[in-house]
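Here's data36.cif, which has mmCIF, C-alpha atoms:
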```cif
data_upload
loop_
_atom_site.label_atom_id
_atom_site.label_comp_id
_atom_site.auth_asym_id
_atom_site.auth_seq_id
_atom_site.Cartn_x
_atom_site.Cartn_y
_atom_site.Cartn_z
CA MET A 7 0.00 0.00 0.00
CA SER A 8 1.12 3.60 -0.58
CA PHE A 9 2.29 5.99 2.12
CA HIS A 10 -1.09 7.75 2.17
CA GLY A 11 -2.92 4.43 2.33
CA ASP A 12 -0.77 3.24 5.24
CA LYS A 13 -1.33 6.50 7.13
CA LYS A 14 -5.08 6.43 6.45
CA ARG A 15 -5.38 2.95 7.94
CA GLU A 16 -3.06 3.84 10.83
CA HIS A 17 -5.27 6.79 11.83
CA GLU A 18 -8.44 4.72 11.50
CA ASN A 19 -6.99 2.11 13.86
CA ALA A 20 -5.92 4.84 16.30
CA ALA A 21 -9.40 6.37 16.15
CA ALA A 22 -11.03 3.04 16.95
CA ALA A 23 -8.67 2.51 19.89
CA ALA A 24 -9.33 6.02 21.23
CA TYR A 25 -13.10 5.49 20.91
CA ASP A 26 -12.86 2.23 22.88
CA GLU A 27 -11.00 4.14 25.61
CA GLY A 28 -13.76 6.75 25.71
CA ASP A 29 -11.54 9.58 24.39
CA LEU A 30 -13.95 10.97 21.81
CA ALA A 31 -11.86 14.07 21.04
CA LYS A 32 -8.80 12.01 20.21
CA ALA A 33 -10.91 9.65 18.11
CA ALA A 34 -12.28 12.65 16.21
CA PHE A 35 -8.76 13.91 15.55
CA HIS A 36 -7.68 10.59 14.05
CA TYR A 37 -10.79 10.31 11.89
CA PHE A 38 -10.11 13.81 10.54
CA LYS A 39 -6.51 12.79 9.74
CA SER A 40 -7.69 9.57 8.10
CA ALA A 41 -10.02 11.63 5.88
CA GLU A 42 -7.11 13.93 4.98
CA PHE A 43 -4.96 11.03 3.79
CA GLY A 44 -7.99 9.56 2.00
CA LEU A 45 -8.33 12.77 -0.01
CA SER A 46 -4.63 12.54 -0.89
CA LEU A 47 -5.33 9.04 -2.23
CA ALA A 48 -8.20 10.48 -4.26
CA GLU A 49 -5.80 12.99 -5.87
CA GLU A 50 -3.66 10.05 -7.02
CA SER A 51 -6.61 8.08 -8.44
CA GLU A 52 -9.16 8.35 -11.21
CA GLY A 53 -12.72 7.28 -12.01
CA LYS A 54 -14.62 5.05 -9.59
CA ILE A 55 -11.66 4.61 -7.26
CA ARG A 56 -11.29 8.39 -6.93
CA ARG A 57 -15.02 8.78 -6.15
CA ARG A 58 -14.85 6.00 -3.59
CA TYR A 59 -11.99 7.71 -1.71
CA VAL A 60 -13.84 11.04 -1.77
CA GLU A 61 -17.06 9.47 -0.48
CA ASP A 62 -15.18 7.59 2.23
CA ALA A 63 -13.42 10.79 3.32
CA GLY A 64 -16.78 12.54 3.56
CA GLU A 65 -18.13 9.77 5.80
CA LEU A 66 -15.04 9.98 8.03
CA ILE A 67 -15.41 13.75 8.37
CA ASP A 68 -19.09 13.36 9.30
CA LEU A 69 -18.16 10.76 11.91
CA ALA A 70 -15.42 12.99 13.31
CA GLU A 71 -17.79 15.95 13.59
CA LYS A 72 -20.34 13.80 15.46
CA LEU A 73 -17.71 12.55 17.90
CA LYS A 74 -16.48 16.09 18.49
CA ALA A 75 -20.05 17.22 19.22
CA LYS A 76 -20.57 14.33 21.63
CA ALA A 77 -17.36 15.22 23.44
CA LEU A 78 -18.65 18.78 23.92
CA VAL A 79 -22.01 17.51 25.18
CA LYS A 80 -20.18 15.40 27.74
CA GLY A 81 -18.67 18.61 29.06
CA LYS A 82 -15.24 18.29 27.50
CA SER A 83 -14.67 21.99 26.89
CA ASP A 84 -11.07 21.48 25.83
CA VAL A 85 -11.88 19.41 22.74
CA ASN A 86 -9.75 21.55 20.41
CA ARG A 87 -6.80 21.35 22.78
CA ALA A 88 -7.21 17.58 23.13
CA MET A 89 -7.30 17.19 19.36
CA LYS A 90 -4.23 19.36 18.98
CA GLU A 91 -2.39 17.22 21.53
CA GLY A 92 -3.37 14.18 19.53
CA GLY A 93 -1.75 15.77 16.54
CA LYS A 94 1.42 16.49 18.45
CA GLU A 95 1.72 12.83 19.42
CA GLU A 96 1.51 11.89 15.77
CA ASP A 97 4.09 14.55 14.89
CA ALA A 98 6.49 13.15 17.51
CA LYS A 99 6.10 9.69 16.03
CA ALA A 100 6.80 10.99 12.53
CA LYS A 101 9.83 12.98 13.63
CA SER A 102 11.45 9.87 15.11
CA ASP A 103 11.64 8.55 11.55
CA TRP A 104 13.90 11.45 10.59
CA GLU A 105 16.77 10.05 12.61
CA LEU A 106 19.36 7.93 10.80
CA LYS A 107 18.68 4.21 11.05
CA GLU A 108 21.44 2.82 8.82
CA ARG A 109 23.53 3.78 5.82
CA PRO A 110 22.31 2.34 2.50
CA THR A 111 24.38 -0.41 0.91
CA GLU A 112 22.76 0.00 -2.51
CA ARG A 113 24.80 1.40 -5.41
CA LEU A 114 23.81 2.86 -8.77
CA ASP A 115 24.96 -0.35 -10.46
CA ASP A 116 22.19 -2.10 -8.53
CA VAL A 117 19.58 0.03 -10.32
CA ALA A 118 18.15 -1.86 -13.28
CA GLY A 119 18.39 0.09 -16.55
CA LEU A 120 18.05 3.89 -16.38
CA ALA A 121 21.51 4.30 -17.95
CA GLU A 122 21.00 7.98 -18.79
CA VAL A 123 19.67 8.75 -15.31
CA LYS A 124 22.64 7.06 -13.64
CA ALA A 125 25.13 8.83 -15.92
CA GLU A 126 23.54 12.20 -15.12
CA LEU A 127 23.58 11.50 -11.39
CA ARG A 128 27.24 10.49 -11.49
CA GLU A 129 28.22 13.67 -13.33
CA LYS A 130 26.03 16.19 -11.53
CA VAL A 131 25.78 14.69 -8.04
CA ILE A 132 28.41 12.04 -7.28
CA GLU A 133 31.45 13.75 -8.83
CA PRO A 134 30.92 17.17 -7.18
CA PHE A 135 30.80 15.41 -3.80
CA ASN A 136 33.79 13.15 -4.37
CA HIS A 137 36.01 15.48 -6.44
CA PRO A 138 35.21 19.10 -5.47
CA GLU A 139 38.73 20.19 -6.43
CA LEU A 140 38.05 19.42 -10.12
CA PHE A 141 34.93 21.56 -10.13
CA GLU A 142 36.83 24.36 -8.40
CA ARG A 143 39.64 24.18 -10.93
CA PHE A 144 37.33 24.42 -13.93
CA LYS A 145 35.04 26.93 -12.20
CA LEU A 146 32.01 24.68 -12.54
CA LYS A 147 29.01 25.55 -10.40
CA VAL A 148 28.04 23.13 -7.67
CA GLY A 149 25.50 23.21 -4.90
CA GLY A 150 21.78 23.03 -4.57
CA GLY A 151 19.68 19.93 -4.88
CA VAL A 152 18.07 17.56 -7.35
CA ILE A 153 14.47 16.98 -8.41
CA MET A 154 13.74 13.47 -9.59
CA CYS A 155 10.42 13.60 -11.39
CA GLY A 156 8.36 11.06 -13.25
CA PRO A 157 5.36 8.77 -12.95
CA PRO A 158 4.97 6.72 -9.75
CA GLY A 159 6.29 3.20 -9.42
CA ASN A 160 9.59 3.63 -11.29
CA GLY A 161 12.11 3.47 -8.46
CA LYS A 162 12.85 7.07 -7.49
CA THR A 163 13.24 6.06 -3.83
CA PHE A 164 15.61 3.21 -4.69
CA VAL A 165 17.68 5.56 -6.86
CA ALA A 166 17.92 8.01 -3.95
CA LYS A 167 19.15 5.25 -1.63
CA ALA A 168 21.69 4.21 -4.26
CA VAL A 169 23.03 7.79 -4.45
CA ALA A 170 23.45 7.85 -0.68
CA GLY A 171 25.21 4.50 -0.91
CA GLU A 172 27.60 5.78 -3.58
CA LEU A 173 28.47 8.76 -1.36
CA ASP A 174 28.67 6.72 1.85
CA ALA A 175 26.31 9.33 3.26
CA ALA A 176 23.68 9.32 5.96
CA PHE A 177 20.27 8.80 4.33
CA LEU A 178 17.22 10.58 5.76
CA PRO A 179 14.06 9.67 3.80
CA VAL A 180 11.04 11.83 4.64
CA ASN A 181 7.63 12.03 3.01
CA ALA A 182 6.57 15.66 2.72
CA ALA A 183 3.26 14.84 4.39
CA GLU A 184 5.20 14.09 7.60
CA ILE A 185 6.49 17.66 7.73
CA LYS A 186 3.21 19.47 7.09
CA ASP A 187 1.26 20.70 10.09
CA LYS A 188 -2.11 22.45 10.11
CA TYR A 189 -1.06 24.80 12.92
CA VAL A 190 0.48 28.14 11.94
CA GLY A 191 4.27 28.11 11.90
CA GLU A 192 4.65 24.43 12.81
CA THR A 193 5.52 23.24 9.28
CA GLU A 194 8.37 25.75 9.11
CA LYS A 195 9.65 24.57 12.50
CA ASN A 196 9.51 20.94 11.38
CA LEU A 197 11.49 21.81 8.24
CA GLN A 198 14.12 23.60 10.32
CA LYS A 199 14.51 20.61 12.64
CA LEU A 200 14.81 18.24 9.70
CA PHE A 201 17.68 20.25 8.19
CA GLU A 202 19.35 20.43 11.59
CA GLU A 203 19.21 16.63 11.85
CA ALA A 204 20.73 16.24 8.38
CA ARG A 205 23.57 18.65 9.19
CA LYS A 206 24.65 16.54 12.17
CA HIS A 207 26.37 14.21 9.71
CA GLU A 208 29.57 14.88 7.77
CA ARG A 209 27.78 13.75 4.63
CA SER A 210 24.03 13.37 4.32
CA VAL A 211 21.38 12.85 1.67
CA LEU A 212 18.02 14.32 2.58
CA PHE A 213 15.34 12.63 0.48
CA LEU A 214 12.04 14.53 0.32
CA ASP A 215 9.41 12.34 -1.28
CA GLU A 216 6.19 13.80 -2.77
CA VAL A 217 7.77 17.23 -2.33
CA ASP A 218 4.95 18.92 -4.27
CA HIS A 219 2.80 18.51 -1.15
CA LEU A 220 5.23 20.79 0.71
CA LEU A 221 6.62 23.24 -1.86
CA ALA A 222 3.77 23.85 -4.28
CA LYS A 223 3.34 27.22 -5.97
CA ARG A 224 2.66 29.87 -3.41
CA GLY A 225 -0.79 30.53 -4.80
CA ASN A 226 -1.67 27.05 -3.55
CA ARG A 227 0.31 26.89 -0.30
CA LYS A 228 1.42 29.13 2.54
CA ILE A 229 4.23 31.46 1.58
CA GLY A 230 6.09 30.76 4.81
CA THR A 231 6.99 27.16 3.96
CA VAL A 232 8.54 28.00 0.59
CA ALA A 233 10.37 31.00 2.07
CA GLN A 234 11.75 28.84 4.88
CA PHE A 235 12.95 26.23 2.39
CA LEU A 236 14.68 28.88 0.28
CA SER A 237 16.42 30.22 3.37
CA LEU A 238 17.59 26.76 4.41
CA THR A 239 18.88 25.91 0.94
CA ASP A 240 20.85 29.17 0.85
CA GLY A 241 22.72 27.76 3.81
CA LEU A 242 23.09 24.46 2.00
CA VAL A 243 25.00 26.04 -0.88
CA LYS A 244 27.33 27.82 1.56
CA ASN A 245 28.07 24.50 3.26
CA LYS A 246 30.01 23.30 0.21
CA ASN A 247 27.98 20.19 -0.58
CA CYS A 248 28.17 18.50 2.82
CA MET A 249 24.46 17.88 2.43
CA LEU A 250 22.52 16.90 -0.69
CA ILE A 251 18.79 17.31 -1.15
CA LEU A 252 17.10 14.79 -3.40
CA ALA A 253 13.45 15.61 -3.97
CA ALA A 254 10.99 13.31 -5.71
CA THR A 255 7.65 14.27 -7.21
CA ASN A 256 5.03 12.89 -9.55
CA LYS A 257 3.82 16.43 -10.27
CA PRO A 258 6.85 18.69 -10.91
CA TRP A 259 4.67 21.37 -12.53
CA MET A 260 3.09 21.98 -9.12
CA LEU A 261 6.38 23.17 -7.58
CA ASP A 262 7.07 26.84 -6.91
CA GLU A 263 9.34 28.35 -9.55
CA ALA A 264 11.69 29.77 -6.94
CA VAL A 265 12.33 26.25 -5.62
CA THR A 266 13.26 24.77 -9.01
CA ARG A 267 15.86 27.37 -9.95
CA PRO A 268 19.67 26.87 -9.95
CA GLY A 269 21.15 26.85 -6.48
CA ARG A 270 17.98 25.39 -4.97
CA LEU A 271 16.52 22.28 -6.61
CA GLY A 272 18.09 23.27 -9.90
CA THR A 273 19.07 19.87 -11.30
CA HIS A 274 16.07 18.10 -12.82
CA ILE A 275 16.28 14.40 -13.67
CA TYR A 276 13.46 12.51 -15.32
CA VAL A 277 12.94 8.94 -14.07
CA GLY A 278 10.56 7.36 -16.55
CA PRO A 279 9.27 3.86 -17.22
CA PRO A 280 12.04 1.24 -17.58
CA ASP A 281 13.44 0.36 -20.99
CA ALA A 282 13.45 -3.21 -22.37
CA LYS A 283 16.74 -4.16 -20.68
CA ALA A 284 15.54 -2.78 -17.35
CA ARG A 285 12.20 -4.57 -17.67
CA GLU A 286 14.00 -7.88 -18.21
CA ALA A 287 16.14 -7.19 -15.13
CA ILE A 288 13.03 -6.35 -13.07
CA LEU A 289 11.42 -9.62 -14.13
CA ALA A 290 14.57 -11.55 -13.20
CA LEU A 291 14.66 -9.86 -9.80
CA ASN A 292 11.01 -10.62 -9.06
CA LEU A 293 11.41 -14.23 -10.20
CA LYS A 294 14.70 -14.90 -8.43
CA GLY A 295 14.57 -18.36 -6.84
CA VAL A 296 11.12 -19.04 -8.33
CA PRO A 297 10.59 -22.24 -10.38
CA ILE A 298 9.93 -21.12 -13.96
CA ALA A 299 9.20 -23.20 -17.05
CA PRO A 300 12.16 -23.65 -19.48
CA GLU A 301 10.23 -22.02 -22.34
CA LEU A 302 9.62 -18.84 -20.33
CA ASN A 303 11.91 -16.27 -21.95
CA LEU A 304 12.29 -13.16 -19.76
CA ALA A 305 13.64 -10.99 -22.60
CA GLU A 306 10.56 -11.90 -24.65
CA GLN A 307 8.24 -11.10 -21.74
CA GLY A 308 10.07 -7.84 -21.09
CA ALA A 309 9.50 -6.79 -24.70
CA LYS A 310 5.76 -7.26 -24.22
CA THR A 311 5.60 -4.81 -21.32
CA GLU A 312 6.55 -1.52 -22.96
CA SER A 313 5.28 1.51 -20.94
CA TYR A 314 4.86 -0.62 -17.79
CA SER A 315 6.30 0.89 -14.62
CA GLY A 316 8.50 -1.07 -12.23
CA ALA A 317 5.52 -1.43 -9.90
CA ASP A 318 3.36 -2.66 -12.79
CA MET A 319 6.01 -5.29 -13.61
CA ALA A 320 6.09 -6.47 -10.00
CA GLU A 321 2.30 -6.87 -10.07
CA VAL A 322 2.50 -8.94 -13.28
CA CYS A 323 5.07 -11.25 -11.68
CA ASP A 324 3.01 -11.57 -8.52
CA ARG A 325 -0.09 -12.60 -10.46
CA ALA A 326 1.88 -15.12 -12.54
CA LYS A 327 3.44 -16.66 -9.42
CA ARG A 328 0.08 -16.91 -7.67
CA ALA A 329 -1.43 -18.67 -10.69
CA ALA A 330 1.35 -21.30 -10.60
CA LYS A 331 0.96 -21.69 -6.84
CA ASN A 332 -2.79 -22.21 -7.12
CA ARG A 333 -2.24 -24.76 -9.87
CA GLN A 334 0.14 -26.71 -7.64
CA VAL A 335 -2.37 -26.66 -4.77
CA ALA A 336 -5.01 -28.10 -7.11
CA SER A 337 -2.77 -30.70 -8.79
CA GLY A 338 -0.73 -31.77 -5.79
CA LYS A 339 2.45 -31.85 -7.88
CA ASP A 340 5.30 -29.44 -8.62
CA GLU A 341 4.28 -26.65 -10.99
CA PHE A 342 6.22 -23.85 -12.69
CA VAL A 343 5.51 -20.29 -13.76
CA THR A 344 4.68 -20.48 -17.47
CA LYS A 345 4.20 -18.24 -20.49
CA GLU A 346 0.47 -18.78 -20.11
CA ASP A 347 0.63 -17.47 -16.54
CA PHE A 348 2.30 -14.31 -17.82
CA ALA A 349 -0.18 -13.91 -20.66
CA ALA A 350 -3.06 -14.13 -18.16
CA ALA A 351 -1.36 -11.62 -15.86
CA LEU A 352 -0.73 -9.16 -18.69
CA ALA A 353 -4.40 -9.39 -19.66
CA LYS A 354 -5.28 -8.18 -16.16
CA VAL A 355 -2.49 -5.66 -15.47
CA LYS A 356 -2.25 -2.69 -17.82
CA PRO A 357 0.27 0.19 -17.72
CA SER A 358 -0.64 2.53 -14.89
CA VAL A 359 0.61 5.61 -16.76
CA THR A 360 -0.93 6.77 -20.03
CA ALA A 361 0.81 8.33 -23.02
CA GLU A 362 -0.96 11.61 -22.21
CA GLN A 363 0.47 11.60 -18.69
CA LEU A 364 3.98 10.90 -19.99
CA LYS A 365 3.56 13.86 -22.35
CA GLU A 366 3.00 16.11 -19.32
CA TYR A 367 6.45 15.23 -18.00
CA GLU A 368 8.07 15.85 -21.38
CA THR A 369 6.37 19.25 -21.64
CA TRP A 370 7.56 20.27 -18.17
CA ARG A 371 11.10 19.03 -18.85
CA ASP A 372 11.25 20.94 -22.15
CA SER A 373 10.04 24.12 -20.42
CA ARG A 374 12.96 23.84 -17.95
CA GLU A 375 15.43 23.81 -20.82
CA LYS A 376 14.16 27.03 -22.41
CA PRO A 377 16.35 30.12 -21.78
CA LYS A 378 15.07 32.49 -19.10
CA ASP A 379 13.94 36.00 -19.91
CA ALA A 380 16.48 38.67 -19.04
CA GLY A 381 14.26 40.06 -16.30
CA ASP A 382 13.45 36.64 -14.80
CA GLU A 383 15.79 36.78 -11.84
CA GLU A 384 15.87 34.43 -8.91
CA GLU A 385 13.86 35.38 -5.86
#
```

Spit out the file's structure as structure tokens when you get a sec.
Amino acid sequence: MSFHGDKKREHENAAAAAYDEGDLAKAAFHYFKSAEFGLSLAEESEGKIRRRYVEDAGELIDLAEKLKAKALVKGKSDVNRAMKEGGKEEDAKAKSDWELKERPTERLDDVAGLAEVKAELREKVIEPFNHPELFERFKLKVGGGVIMCGPPGNGKTFVAKAVAGELDAAFLPVNAAEIKDKYVGETEKNLQKLFEEARKHERSVLFLDEVDHLLAKRGNRKIGTVAQFLSLTDGLVKNKNCMLILAATNKPWMLDEAVTRPGRLGTHIYVGPPDAKAREAILALNLKGVPIAPELNLAEQGAKTESYSGADMAEVCDRAKRAAKNRQVASGKDEFVTKEDFAAALAKVKPSVTAEQLKEYETWRDSREKPKDAGDEEE
């Protein structure tokens, strides 16, 4: 399940537990939060699934409002304070995830395919860290951070871990939703604390996933958060690359222009669906140690999955493996994953990203490469 789906379920479970304990205000808080993450899921979905998430969020909000009213009737005059305290407990839990757990062992060579992406990362990210003297000698600009953009399910998080592994750097992965706070000024404080944690390490990679939720255009978000980020990244450049920001987004066009300029998140790398070689490698990885029929040719199957994301490929493999498992349960003898299993899986699993959606990324990327107007100076 996605981050938003996990958080939605987590808050629903917390709400149920609080209700059982008789803490109606706390239960209301968690139902409100569950609705919030449900609406985030709706933004990522389409059609009937999108409507279902919206309807479910509406039901959760109604339930939360009823619980809040009941708490007031029972004489709990500090409902708002109790709900705010509930939020702070959740914030504390999220912030504990900012601390370094372990250094990644992944390397860019472990990333299947994406040859152009890896070459660009080595030149623009790895080399400036490992050989700053060369960039100083040739007066090449360094500093700022990287935006990895592209459709979901294509390994942006794994690539970020691999970059940290290449640099032998502390890796701090944070979903932007963990930083946001509905109380005035709290999001900015959370951002400050996150940067402080990253700067405790000699080398660190700060990975901000779904960054569009935090740094959207200032017509859509509070100005303070973007301004705070710009201030913090000014300090980043002065710190001579001891800290790298890798930001991932499925909607780069939502980001504030000031954030995407050189010196901030000025390097933009497109991580698209895997090519044929990468798709074959993804199939091999998902079928490692699995009994497969001799006639099952992974290169042939990879060629049939053009436009499939890495996540789509994993789903195809999972369905094929389950079909073989079910066949073995029915027959009572050893079975293997076959071409027919893959054909059935491909009939069910279609590419999650359309050609029109891919065009959006190309349009945004091309707009980044156009020369700026003379008067278009950085904020």

12 Å contact set for Pro158 of chain A, all atoms listed in the file, chain neighbours under 2 positions out, as a ChimeraX atom specification
/A:8,50-51,154-156,160-163,215-216,254-257,276-280,314-318,357-360,363-364,367

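The gap separating atom CA of Asn196 of chain A from atom CA of His17 of chain A is 20.5 Å, in Å to one decimal.
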
Please tabulate, as JSON lines, the residues of segment 201-311 of chain A that come within 7 Å of segment 118-131 of chain A, each with its closest pair of atoms and the distance in Å to one decimal, counting only C-alpha atoms and ordering rows by chain, then residue number upward.
```
{"residue": "A:Ile275", "atom": "CA", "partner": "A:Val123", "partner_atom": "CA", "distance": 6.8}
{"residue": "A:Val277", "atom": "CA", "partner": "A:Val123", "partner_atom": "CA", "distance": 6.8}
{"residue": "A:Pro280", "atom": "CA", "partner": "A:Gly119", "partner_atom": "CA", "distance": 6.5}
{"residue": "A:Asp281", "atom": "CA", "partner": "A:Gly119", "partner_atom": "CA", "distance": 6.7}
{"residue": "A:Lys283", "atom": "CA", "partner": "A:Gly119", "partner_atom": "CA", "distance": 6.2}
{"residue": "A:Ala284", "atom": "CA", "partner": "A:Gly119", "partner_atom": "CA", "distance": 4.1}
{"residue": "A:Ala287", "atom": "CA", "partner": "A:Ala118", "partner_atom": "CA", "distance": 6.0}
{"residue": "A:Ile288", "atom": "CA", "partner": "A:Ala118", "partner_atom": "CA", "distance": 6.8}
```

To one decimal place, how far is atom CA of Ser210 of chain A from atom CA of Ser237 of chain A in Å?
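Atom-to-atom, atom CA of Ser210 of chain A and atom CA of Ser237 of chain A are spaced 18.5 Å apart.
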
Of the candidates A:Glu172, A:Asp116, A:Leu291, A:Pro258, which shows the shortest atom-to-atom distance to His274 of chain A, using all atoms listed in the file?
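Of the candidates, the smallest distance to His274 of chain A is held by A:Pro258.
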
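Contact shell of Pro297 of chain A at 9 Å (only C-alpha atoms; same-chain neighbours under 6 positions omitted): Glu341, Phe342 and Val343 of chain A.
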
Those selected residues, please, written with C-alpha atoms and delivered as a PDB file, keeping the file's coordinate frame.
```
ATOM      1  CA  GLU A 341       4.280 -26.650 -10.990  1.00  0.00           C
ATOM      2  CA  PHE A 342       6.220 -23.850 -12.690  1.00  0.00           C
ATOM      3  CA  VAL A 343       5.510 -20.290 -13.760  1.00  0.00           C
TER       4      VAL A 343
END
```

Grab the atom CA of Leu47 of chain A to atom CA of Ala183 of chain A distance for me, in Å with one decimal place.
12.3 Å

Counting all atoms listed in the file, which residue out of A:Val169, A:Ala264, A:Val60, A:Ala349 sits closest to Val232 of chain A?
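Of all the options, A:Ala264 lies closest to Val232 of chain A.
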
Using the chain letters and numbers from the file, which residues does the PyMOL selection byres ((chain A and resi 20) around 12) grab, as a PyMOL selection string?
chain A and resi 13-19+21-27+29-40+92-93+95-96
